[in-house]
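Shown next, in structure tokens, is the structure this report addresses.
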Amino acid sequence: MSLQPVDPRYKPYRGAAAGWGALRSVAHFWLDSKQPFKNLRALLKTNQNGGFDCPGCAWGDSPEDGHIKFCENGAKAVNWEATKRRVDAAFFNRYSVSQLREQSDYWLEYQGRLTEPLRYDAASDRYRAVSWDDAFTLIAQHLNALDSPNQAEFYTSGRASNEAAYLYQLFVRAFGSNNFPDCSNMCHEASGVALGESIGVGKGSVTFADFEHADAIFVLGQNPGTNHPRMLEPLREAVKRGAQVVAFNPLKERGLERFQHPQHALEMLTNGSEPLNTAFFRPALGGDMAAMRGIAKFLLQWEREAQAAGEATVFDHAFIAEHTQGLEAYLALLDASPWDTLVQQSGLNLQEIEQAARMYRRAEQVIICWAMGITQHHHSVAIIQEIVNLQLLRGNIGRPGAGLCPVRGHSNVQGDRTMGINERPPVALLDALERRFQFKVPRDDGHNTVEAINAMLEGRARVFIGLGGNFAQATPDSPRTHQALRNCALTVQISTKLNRSHLMTGHDALILPCLGRTDIDNQASGPQAVTVEDSFSMVHASYGQLKPLSTQMRSEPAIVAGIAKATLGNHPVDWDAMSADYSRIRELIADTIPGFTDFNQRLQHPGGFYLGNAAGARRWNTAVGKARFMANTLPTSLLHDKVRATGETPDLILQTLRSHDQYNTTIYGLDDRYRGVKGQRDVVFANEADIRRLGYEPGQKVDLTSLWSDGIERRISGFTLLAFDIPEGQAAAYYPETNPLVPLESIGIGSHTPTSKFIAIRVHPASADRRIL
């Protein structure tokens, strides 16, 4: 049952990001798909007009035409999805669920595409073939037998299209619940909460074109070289025209140091590369709020000096007066924030903070980007609002070349939220649904991801339906999450490929195989397009290009419609009509979701259309009608009370991260090229001085436990210590392998996002090889 064994190795990487290494990697995954010529045609249609949207990240596309619009990780995603390998009933005749649980996440997904609906048979511990009608009937029986609609959890992955997400939320609300745990809860929820309070919209304010006009681009808590490599090109172009790229990241990621464009012939032939930053700052984990406040404090000092000297001011006073509220309280907070505290908490010295502040001040237009290195902390909402405060001081929101840019993960995670996948939906959405469909919409808040896990653990939720994703592995506190799923009367996974969530079965369980982004989607009215929304609020169509491996695979809209019809009948819509022609779904979206008027017509425009952004147009949909300076106090300690209550001192603070051969929980391979790791994933990156301080040697195996005072031991075993260029006191390791260390209760204030970028750990001598949970 094992893949080809690989000799684990570790050798620091010295080359540039992308370049020949990226081309070799693309070729490997292309050939390994077992249908390379079909996939080559598909790759050339990736992110092209009339083609399909990359199933990887949500980074937007350049409006210019081009021969190639995919990156290395996009190519991996396409070839991984468009494989010839199959998982069907015959596969489960060979392997029991218990046997499969012993395999790695990489091995599971490598087995291929799910090609027929399957139902778990507990007696044989195997999945067996089931008809679609019987599967839908079983789901309806379980749902309609519940004492309350809120005893069901309806999870959504960011891969789901706008059409699937809209139908899903309409069905669930007609069923009577707002229980929409989704992947946003685990990544950028803090961005949505913070931006909503500060500027009135939970999305970024910039467009792709703004990157062409920025004088400085600050990149915080983000590794675009691995997580969204297409971002490297506009960063590279910015540096070439003289703009500054300023990175804040504890790890000096190769993708933020040098980049070699695979489509640039001279660079490839000469093995040259472009530097991608003009400064690299390495804050303490969780220290970004103090770093941003330090920059703002320097700006305030220079503002007062300029006023005293009668010189041009630093702040944009006209913008502040017209568009903001709360400045005085924020300036008082800056005065009350001691430099000693800012230096200690940020992990930067005073000279570094001043250097970053001078770079910020010199730039007329600044974009600040961030990702999960910012959002997965206990005080993430406050960190992001500190970023907003900094931008407001200089009027760097709502003008060309300036703004806020939370860089989203999965390809349509932003669109799903726009479509109403929201456990705490805005009243305007609920009112619009009620007017259009004439049924009483549930108004109570539903469950987010952490609340859903707790509800399943406690028996308050009995049915789990997952529209895509890998809930069992994407979530924190893995053993408890796995138990939560097993507590359910029914678990349903709508999926393209086998993953661990299928193996954490309820008493009854279904696997429903769905089409992927690369698959041609034929319905009663003919081939269908689905739509997605990228990080820049651009909406565009996606047309699958490859014939599906099986006629038993169905599209996500068709599966949702089938479940809805079996459960509710033709209420509140004719579900068969919706799945027969997606343009009808888009008409309903146009009727109820702002910004989608004439949806079907506007979709014909090459490249799609811009939804618009109120904050980007300097319209502030906040409670006060203006952008708000938020005066959040700095944490007294970055360590959670539950950590301090243990009475133990952490050996290290750990952050979880992805490898380069990974996207979210999907493991494409066992290498991490830019960090020099080959053939292994159970590793811990730590400073060599820390390794020796703790009494170990580089290369030694250890166990890790997390500190949390609830009486639960959270331990992972058999991890190799790798000496790495990382600040002392910090460590990093891959997820989902390290998710068992993240307590379910360790969440962000106001966001409920797991604090996966700040885990207090102890290091122990290795006790045994790590067991797959």
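Each chain in the structure tokens gets a letter, A, B, ..., in the order shown, and its residues are numbered from 1; ligands are numbered from 1 in order too.
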
(Q) Env of A:Leu390: 8 Å cut, atoms = only C-alpha atoms, seq-sep filter 5 positions within chain, self excluded. Answer as a list in words. (A)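 Residues meeting the cut-off are Met292, Arg293, Ile295 and Ala296 of chain A.
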
Q. Which residues come within 6 Å of A:Glu189, counting only C-alpha atoms, excluding same-chain residues fewer than 4 positions away, as a list in words?
A.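 Using only C-alpha atoms, the neighbours found are Ser184, Asn185 and Ser751 of chain A.
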
Dump N, CA and C atoms for the selected residues as a PDB file, in the first residue's frame?
ATOM      1  N   SER A 184     -13.458  29.739   5.621  1.00  0.00           N
ATOM      2  CA  SER A 184     -13.132  31.117   6.017  1.00  0.00           C
ATOM      3  C   SER A 184     -12.938  31.226   7.519  1.00  0.00           C
ATOM      4  N   ASN A 185     -13.705  30.435   8.282  1.00  0.00           N
ATOM      5  CA  ASN A 185     -13.588  30.482   9.742  1.00  0.00           C
ATOM      6  C   ASN A 185     -12.184  30.126  10.209  1.00  0.00           C
ATOM      7  N   SER A 751     -13.047  36.361  16.210  1.00  0.00           N
ATOM      8  CA  SER A 751     -13.032  35.660  14.932  1.00  0.00           C
ATOM      9  C   SER A 751     -13.242  34.152  15.066  1.00  0.00           C
TER      10      SER A 751
END

Q) Leaving out A:Thr633 and any residue of its chain fewer than 6 positions from it, which residues lie within 9 Å of it when counting only C-alpha atoms, given as a ChimeraX atom specification? A) /A:333,337,382

Q: Could you check how far atom CA of A:Leu722 sits from atom CA of A:Phe280, in Å to one decimal?
A: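 Between these atoms lies a distance of 22.5 Å.
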
Per DSSP on the backbone, what are the alpha helix (DSSP H) residues of stretch 456-660 of chain A, as an mmCIF file with N, CA and C atoms, in the first residue's frame?
data_model
loop_
_atom_site.group_PDB
_atom_site.id
_atom_site.type_symbol
_atom_site.label_atom_id
_atom_site.label_comp_id
_atom_site.auth_asym_id
_atom_site.auth_seq_id
_atom_site.Cartn_x
_atom_site.Cartn_y
_atom_site.Cartn_z
ATOM 1 N N MET A 456 -20.930 18.781 17.632
ATOM 2 C CA MET A 456 -20.872 17.354 17.296
ATOM 3 C C MET A 456 -20.277 16.548 18.449
ATOM 4 N N LEU A 457 -19.271 17.098 19.120
ATOM 5 C CA LEU A 457 -18.684 16.410 20.261
ATOM 6 C C LEU A 457 -19.706 16.198 21.369
ATOM 7 N N PHE A 471 -12.482 18.370 6.053
ATOM 8 C CA PHE A 471 -12.790 18.925 7.363
ATOM 9 C C PHE A 471 -11.967 18.275 8.463
ATOM 10 N N ALA A 472 -11.801 16.957 8.401
ATOM 11 C CA ALA A 472 -11.115 16.237 9.468
ATOM 12 C C ALA A 472 -9.683 16.703 9.644
ATOM 13 N N GLN A 473 -9.033 17.119 8.569
ATOM 14 C CA GLN A 473 -7.623 17.498 8.629
ATOM 15 C C GLN A 473 -7.391 18.995 8.621
ATOM 16 N N ALA A 474 -8.333 19.755 8.120
ATOM 17 C CA ALA A 474 -8.146 21.204 8.067
ATOM 18 C C ALA A 474 -8.365 21.860 9.431
ATOM 19 N N SER A 478 -6.989 17.638 16.241
ATOM 20 C CA SER A 478 -7.419 16.563 15.342
ATOM 21 C C SER A 478 -8.126 15.395 16.019
ATOM 22 N N PRO A 479 -7.608 14.806 17.095
ATOM 23 C CA PRO A 479 -8.327 13.676 17.689
ATOM 24 C C PRO A 479 -9.743 14.029 18.120
ATOM 25 N N ARG A 480 -9.929 15.236 18.642
ATOM 26 C CA ARG A 480 -11.279 15.645 19.066
ATOM 27 C C ARG A 480 -12.172 15.910 17.857
ATOM 28 N N THR A 481 -11.620 16.510 16.807
ATOM 29 C CA THR A 481 -12.407 16.726 15.595
ATOM 30 C C THR A 481 -12.809 15.398 14.969
ATOM 31 N N HIS A 482 -11.883 14.448 14.915
ATOM 32 C CA HIS A 482 -12.196 13.135 14.361
ATOM 33 C C HIS A 482 -13.306 12.461 15.161
ATOM 34 N N GLN A 483 -13.226 12.594 16.498
ATOM 35 C CA GLN A 483 -14.276 12.010 17.332
ATOM 36 C C GLN A 483 -15.615 12.704 17.087
ATOM 37 N N ALA A 484 -15.582 14.008 16.880
ATOM 38 C CA ALA A 484 -16.815 14.752 16.611
ATOM 39 C C ALA A 484 -17.525 14.204 15.377
ATOM 40 N N LEU A 485 -16.766 13.942 14.316
ATOM 41 C CA LEU A 485 -17.366 13.379 13.111
ATOM 42 C C LEU A 485 -17.914 11.982 13.367
ATOM 43 N N ARG A 486 -17.176 11.176 14.123
ATOM 44 C CA ARG A 486 -17.628 9.812 14.394
ATOM 45 C C ARG A 486 -18.867 9.785 15.286
ATOM 46 N N GLU A 556 -21.349 19.882 -8.400
ATOM 47 C CA GLU A 556 -21.771 20.333 -7.067
ATOM 48 C C GLU A 556 -23.161 20.945 -7.083
ATOM 49 N N PRO A 557 -23.515 21.831 -8.051
ATOM 50 C CA PRO A 557 -24.900 22.320 -8.064
ATOM 51 C C PRO A 557 -25.923 21.198 -8.199
ATOM 52 N N ALA A 558 -25.629 20.187 -9.030
ATOM 53 C CA ALA A 558 -26.575 19.088 -9.208
ATOM 54 C C ALA A 558 -26.717 18.269 -7.925
ATOM 55 N N ILE A 559 -25.616 18.070 -7.210
ATOM 56 C CA ILE A 559 -25.683 17.315 -5.949
ATOM 57 C C ILE A 559 -26.469 18.093 -4.897
ATOM 58 N N VAL A 560 -26.197 19.375 -4.765
ATOM 59 C CA VAL A 560 -26.944 20.194 -3.803
ATOM 60 C C VAL A 560 -28.421 20.197 -4.149
ATOM 61 N N ALA A 561 -28.730 20.355 -5.429
ATOM 62 C CA ALA A 561 -30.136 20.355 -5.850
ATOM 63 C C ALA A 561 -30.797 19.011 -5.557
ATOM 64 N N GLY A 562 -30.060 17.914 -5.766
ATOM 65 C CA GLY A 562 -30.609 16.598 -5.486
ATOM 66 C C GLY A 562 -30.914 16.402 -4.014
ATOM 67 N N ILE A 563 -30.020 16.839 -3.143
ATOM 68 C CA ILE A 563 -30.260 16.753 -1.696
ATOM 69 C C ILE A 563 -31.448 17.621 -1.311
ATOM 70 N N ALA A 564 -31.499 18.835 -1.862
ATOM 71 C CA ALA A 564 -32.575 19.778 -1.519
ATOM 72 C C ALA A 564 -33.933 19.243 -1.946
ATOM 73 N N LYS A 565 -34.014 18.708 -3.155
ATOM 74 C CA LYS A 565 -35.305 18.195 -3.630
ATOM 75 C C LYS A 565 -35.768 17.013 -2.791
ATOM 76 N N ALA A 566 -34.852 16.095 -2.448
ATOM 77 C CA ALA A 566 -35.231 14.944 -1.631
ATOM 78 C C ALA A 566 -35.685 15.370 -0.243
ATOM 79 N N THR A 567 -35.126 16.470 0.259
ATOM 80 C CA THR A 567 -35.424 16.913 1.623
ATOM 81 C C THR A 567 -36.644 17.828 1.689
ATOM 82 N N LEU A 568 -36.764 18.754 0.725
ATOM 83 C CA LEU A 568 -37.791 19.800 0.788
ATOM 84 C C LEU A 568 -38.841 19.720 -0.317
ATOM 85 N N TRP A 575 -35.792 22.719 -8.020
ATOM 86 C CA TRP A 575 -34.373 22.381 -7.919
ATOM 87 C C TRP A 575 -33.849 21.753 -9.200
ATOM 88 N N ASP A 576 -34.681 20.936 -9.852
ATOM 89 C CA ASP A 576 -34.240 20.324 -11.107
ATOM 90 C C ASP A 576 -33.972 21.388 -12.165
ATOM 91 N N ALA A 577 -34.804 22.409 -12.197
ATOM 92 C CA ALA A 577 -34.612 23.483 -13.175
ATOM 93 C C ALA A 577 -33.312 24.238 -12.905
ATOM 94 N N MET A 578 -32.983 24.409 -11.617
ATOM 95 C CA MET A 578 -31.742 25.112 -11.262
ATOM 96 C C MET A 578 -30.515 24.333 -11.746
ATOM 97 N N SER A 579 -30.520 23.009 -11.517
ATOM 98 C CA SER A 579 -29.345 22.227 -11.904
ATOM 99 C C SER A 579 -29.282 21.986 -13.406
ATOM 100 N N ALA A 580 -30.414 22.124 -14.095
ATOM 101 C CA ALA A 580 -30.421 21.920 -15.545
ATOM 102 C C ALA A 580 -29.775 23.076 -16.296
ATOM 103 N N TYR A 582 -27.531 26.608 -15.216
ATOM 104 C CA TYR A 582 -26.994 27.457 -14.149
ATOM 105 C C TYR A 582 -27.299 28.941 -14.355
ATOM 106 N N SER A 583 -27.678 29.325 -15.558
ATOM 107 C CA SER A 583 -28.036 30.727 -15.759
ATOM 108 C C SER A 583 -29.252 31.092 -14.904
ATOM 109 N N ARG A 584 -30.098 30.111 -14.601
ATOM 110 C CA ARG A 584 -31.244 30.365 -13.717
ATOM 111 C C ARG A 584 -30.799 30.631 -12.287
ATOM 112 N N ILE A 585 -29.750 29.947 -11.859
ATOM 113 C CA ILE A 585 -29.192 30.237 -10.533
ATOM 114 C C ILE A 585 -28.647 31.654 -10.516
ATOM 115 N N ARG A 586 -27.971 32.034 -11.597
ATOM 116 C CA ARG A 586 -27.385 33.373 -11.644
ATOM 117 C C ARG A 586 -28.470 34.451 -11.670
ATOM 118 N N GLU A 587 -29.621 34.140 -12.215
ATOM 119 C CA GLU A 587 -30.732 35.098 -12.160
ATOM 120 C C GLU A 587 -31.192 35.311 -10.724
ATOM 121 N N LEU A 588 -31.213 34.241 -9.934
ATOM 122 C CA LEU A 588 -31.596 34.371 -8.526
ATOM 123 C C LEU A 588 -30.526 35.152 -7.756
ATOM 124 N N ILE A 589 -29.258 34.911 -8.077
ATOM 125 C CA ILE A 589 -28.176 35.671 -7.458
ATOM 126 C C ILE A 589 -28.356 37.155 -7.764
ATOM 127 N N ALA A 590 -28.653 37.470 -9.030
ATOM 128 C CA ALA A 590 -28.843 38.866 -9.430
ATOM 129 C C ALA A 590 -29.998 39.511 -8.678
ATOM 130 N N ASP A 591 -31.012 38.712 -8.346
ATOM 131 C CA ASP A 591 -32.188 39.236 -7.637
ATOM 132 C C ASP A 591 -31.908 39.528 -6.165
ATOM 133 N N THR A 592 -30.901 38.895 -5.584
ATOM 134 C CA THR A 592 -30.774 38.931 -4.123
ATOM 135 C C THR A 592 -29.402 39.360 -3.599
ATOM 136 N N PHE A 599 -26.270 39.714 -14.242
ATOM 137 C CA PHE A 599 -25.157 38.783 -14.021
ATOM 138 C C PHE A 599 -24.816 38.020 -15.301
ATOM 139 N N ASN A 600 -25.798 37.365 -15.908
ATOM 140 C CA ASN A 600 -25.523 36.541 -17.084
ATOM 141 C C ASN A 600 -24.962 37.359 -18.243
ATOM 142 N N GLN A 601 -25.461 38.564 -18.413
ATOM 143 C CA GLN A 601 -24.991 39.404 -19.517
ATOM 144 C C GLN A 601 -23.557 39.887 -19.267
ATOM 145 N N ARG A 602 -23.281 40.319 -18.056
ATOM 146 C CA ARG A 602 -21.960 40.863 -17.740
ATOM 147 C C ARG A 602 -20.883 39.771 -17.759
ATOM 148 N N ASP A 641 -3.875 32.971 28.534
ATOM 149 C CA ASP A 641 -4.053 32.672 29.956
ATOM 150 C C ASP A 641 -3.990 31.173 30.224
ATOM 151 N N LYS A 642 -4.525 30.372 29.289
ATOM 152 C CA LYS A 642 -4.553 28.917 29.470
ATOM 153 C C LYS A 642 -3.152 28.310 29.363
ATOM 154 N N VAL A 643 -2.250 29.005 28.697
ATOM 155 C CA VAL A 643 -0.857 28.561 28.647
ATOM 156 C C VAL A 643 -0.163 28.941 29.948
ATOM 157 N N ARG A 644 -0.326 30.183 30.381
ATOM 158 C CA ARG A 644 0.318 30.630 31.613
ATOM 159 C C ARG A 644 -0.175 29.841 32.820
#

**Q.** Spatial neighbours of A:Ile139, 12 Å, only C-alpha atoms, chain gap at least 4 places, as a PyMOL selection string
**A.** chain A and resi 119+132-135+143-146+152+462-465+489-493+508-512+559-560+562-568

Q | Atomic distance atom CA of A:Asp121 - atom CA of A:Pro181, expressed in Å with one decimal | A | 27.2 Å

Q: Would you kindly return, as a ChimeraX atom specification, each protein, DNA or RNA residue with an atom no farther than 7 Å from any atom of stretch 658-665 of chain A, considering only C-alpha atoms and excluding same-chain residues fewer than 2 positions away?
A: /A:226,470,473-474,667-673,734-736

Take the residues from that selection and write them out as a tab-separated table (two decimals), in the first residue's frame, keeping N, CA and C atoms.
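Output (again_33.tsv):
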chain	number	residue	atom	x	y	z
A	226	THR	N	5.20	30.03	-2.21
A	226	THR	CA	4.59	28.72	-2.08
A	226	THR	C	3.07	28.78	-2.18
A	470	ASN	N	-11.61	19.06	3.30
A	470	ASN	CA	-11.14	17.92	4.10
A	470	ASN	C	-11.25	18.33	5.55
A	473	GLN	N	-9.03	17.12	8.57
A	473	GLN	CA	-7.62	17.50	8.63
A	473	GLN	C	-7.39	18.99	8.62
A	474	ALA	N	-8.33	19.76	8.12
A	474	ALA	CA	-8.15	21.20	8.07
A	474	ALA	C	-8.37	21.86	9.43
A	667	ILE	N	-1.66	17.24	-0.17
A	667	ILE	CA	-0.21	17.04	-0.22
A	667	ILE	C	0.13	16.48	-1.60
A	668	TYR	N	0.78	17.28	-2.45
A	668	TYR	CA	1.15	16.84	-3.78
A	668	TYR	C	2.40	15.94	-3.77
A	669	GLY	N	3.25	16.14	-2.78
A	669	GLY	CA	4.48	15.38	-2.72
A	669	GLY	C	5.15	15.60	-1.37
A	670	LEU	N	6.27	14.95	-1.13
A	670	LEU	CA	6.93	14.99	0.17
A	670	LEU	C	8.14	15.91	0.19
A	671	ASP	N	8.24	16.81	-0.80
A	671	ASP	CA	9.36	17.74	-0.87
A	671	ASP	C	8.91	19.16	-0.51
A	672	ASP	N	9.87	19.94	-0.06
A	672	ASP	CA	9.65	21.37	0.17
A	672	ASP	C	10.88	22.08	-0.38
A	673	ARG	N	10.87	22.32	-1.68
A	673	ARG	CA	12.07	22.71	-2.41
A	673	ARG	C	12.73	23.97	-1.83
A	734	TYR	N	4.94	21.58	9.51
A	734	TYR	CA	3.86	21.49	8.53
A	734	TYR	C	2.52	21.11	9.18
A	735	TYR	N	1.46	21.67	8.58
A	735	TYR	CA	0.14	21.15	8.92
A	735	TYR	C	-0.36	20.37	7.71
A	736	PRO	N	-1.27	19.41	7.82
A	736	PRO	CA	-2.08	19.12	9.01
A	736	PRO	C	-1.40	18.25	10.06

Q: Quick one: pull the distance between atom CA of A:Ala306 and atom CA of A:Leu331, Å, one decimal.
A: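 That distance, rounded to one decimal, is 16.1 Å.
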
Q. Between A:Ile367, A:Leu467, A:Ala614, A:Glu322, which one has atoms that come closest to A:Leu235, using only C-alpha atoms?
A.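 Of all the options, A:Ile367 lies closest to A:Leu235.
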
Q: Could you give me, as a PyMOL selection string, the residues within 7 Å of A:Gly221, counting only C-alpha atoms and dropping anything in the same chain fewer than 5 positions from it?
A: chain A and resi 248-249+370-374

Using backbone DSSP assignments, extract all strand (DSSP E) residues from stretch 630-720 of chain A; output them as a compact mmCIF listing (two decimals) with C-alpha atoms, in the first residue's frame.
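Writing done, so here's result15.txt:
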# COMPACT_ATOMS: atom_id res chain seq x y z
CA LEU A 652 9.43 27.27 21.68
CA ILE A 653 6.55 29.06 19.99
CA LEU A 654 5.46 27.05 16.96
CA GLN A 655 3.73 28.17 13.80
CA THR A 656 2.18 25.75 11.32
CA LEU A 657 2.78 26.23 7.61
CA GLN A 662 1.12 21.30 -0.76
CA TYR A 663 -2.05 23.34 -1.11
CA THR A 666 -3.73 18.52 -0.24
CA ILE A 667 -0.21 17.04 -0.22
CA VAL A 677 13.48 19.40 2.53
CA LYS A 678 13.14 16.24 0.46
CA VAL A 683 10.06 17.85 10.66
CA VAL A 684 10.47 20.85 12.94
CA PHE A 685 12.37 23.93 11.75
CA ALA A 686 14.21 25.54 14.66
CA LYS A 701 13.87 12.91 16.51
CA VAL A 702 11.63 14.40 19.20
CA ASP A 703 8.06 14.51 20.42
CA LEU A 704 6.14 17.77 20.72
CA THR A 705 3.42 18.64 23.21
CA SER A 706 1.44 21.87 23.44
CA ARG A 715 1.32 15.12 21.56
CA ILE A 716 2.81 14.30 18.19
CA SER A 717 5.73 11.91 17.94
CA GLY A 718 8.81 11.18 15.85
CA PHE A 719 9.54 14.63 14.37
CA THR A 720 13.04 15.47 13.13

**Q.** Neighbour list for A:Ala529 as a ChimeraX atom specification, cut-off 9 Å, only C-alpha atoms, skip fewer than 3 positions in-chain
**A.** /A:52,520-521,541-544,582-583

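Nearest residue to A:Gly446 among A:Ile421, A:Leu167, A:Leu429, A:Ala160 is A:Ile421, counting only C-alpha atoms.
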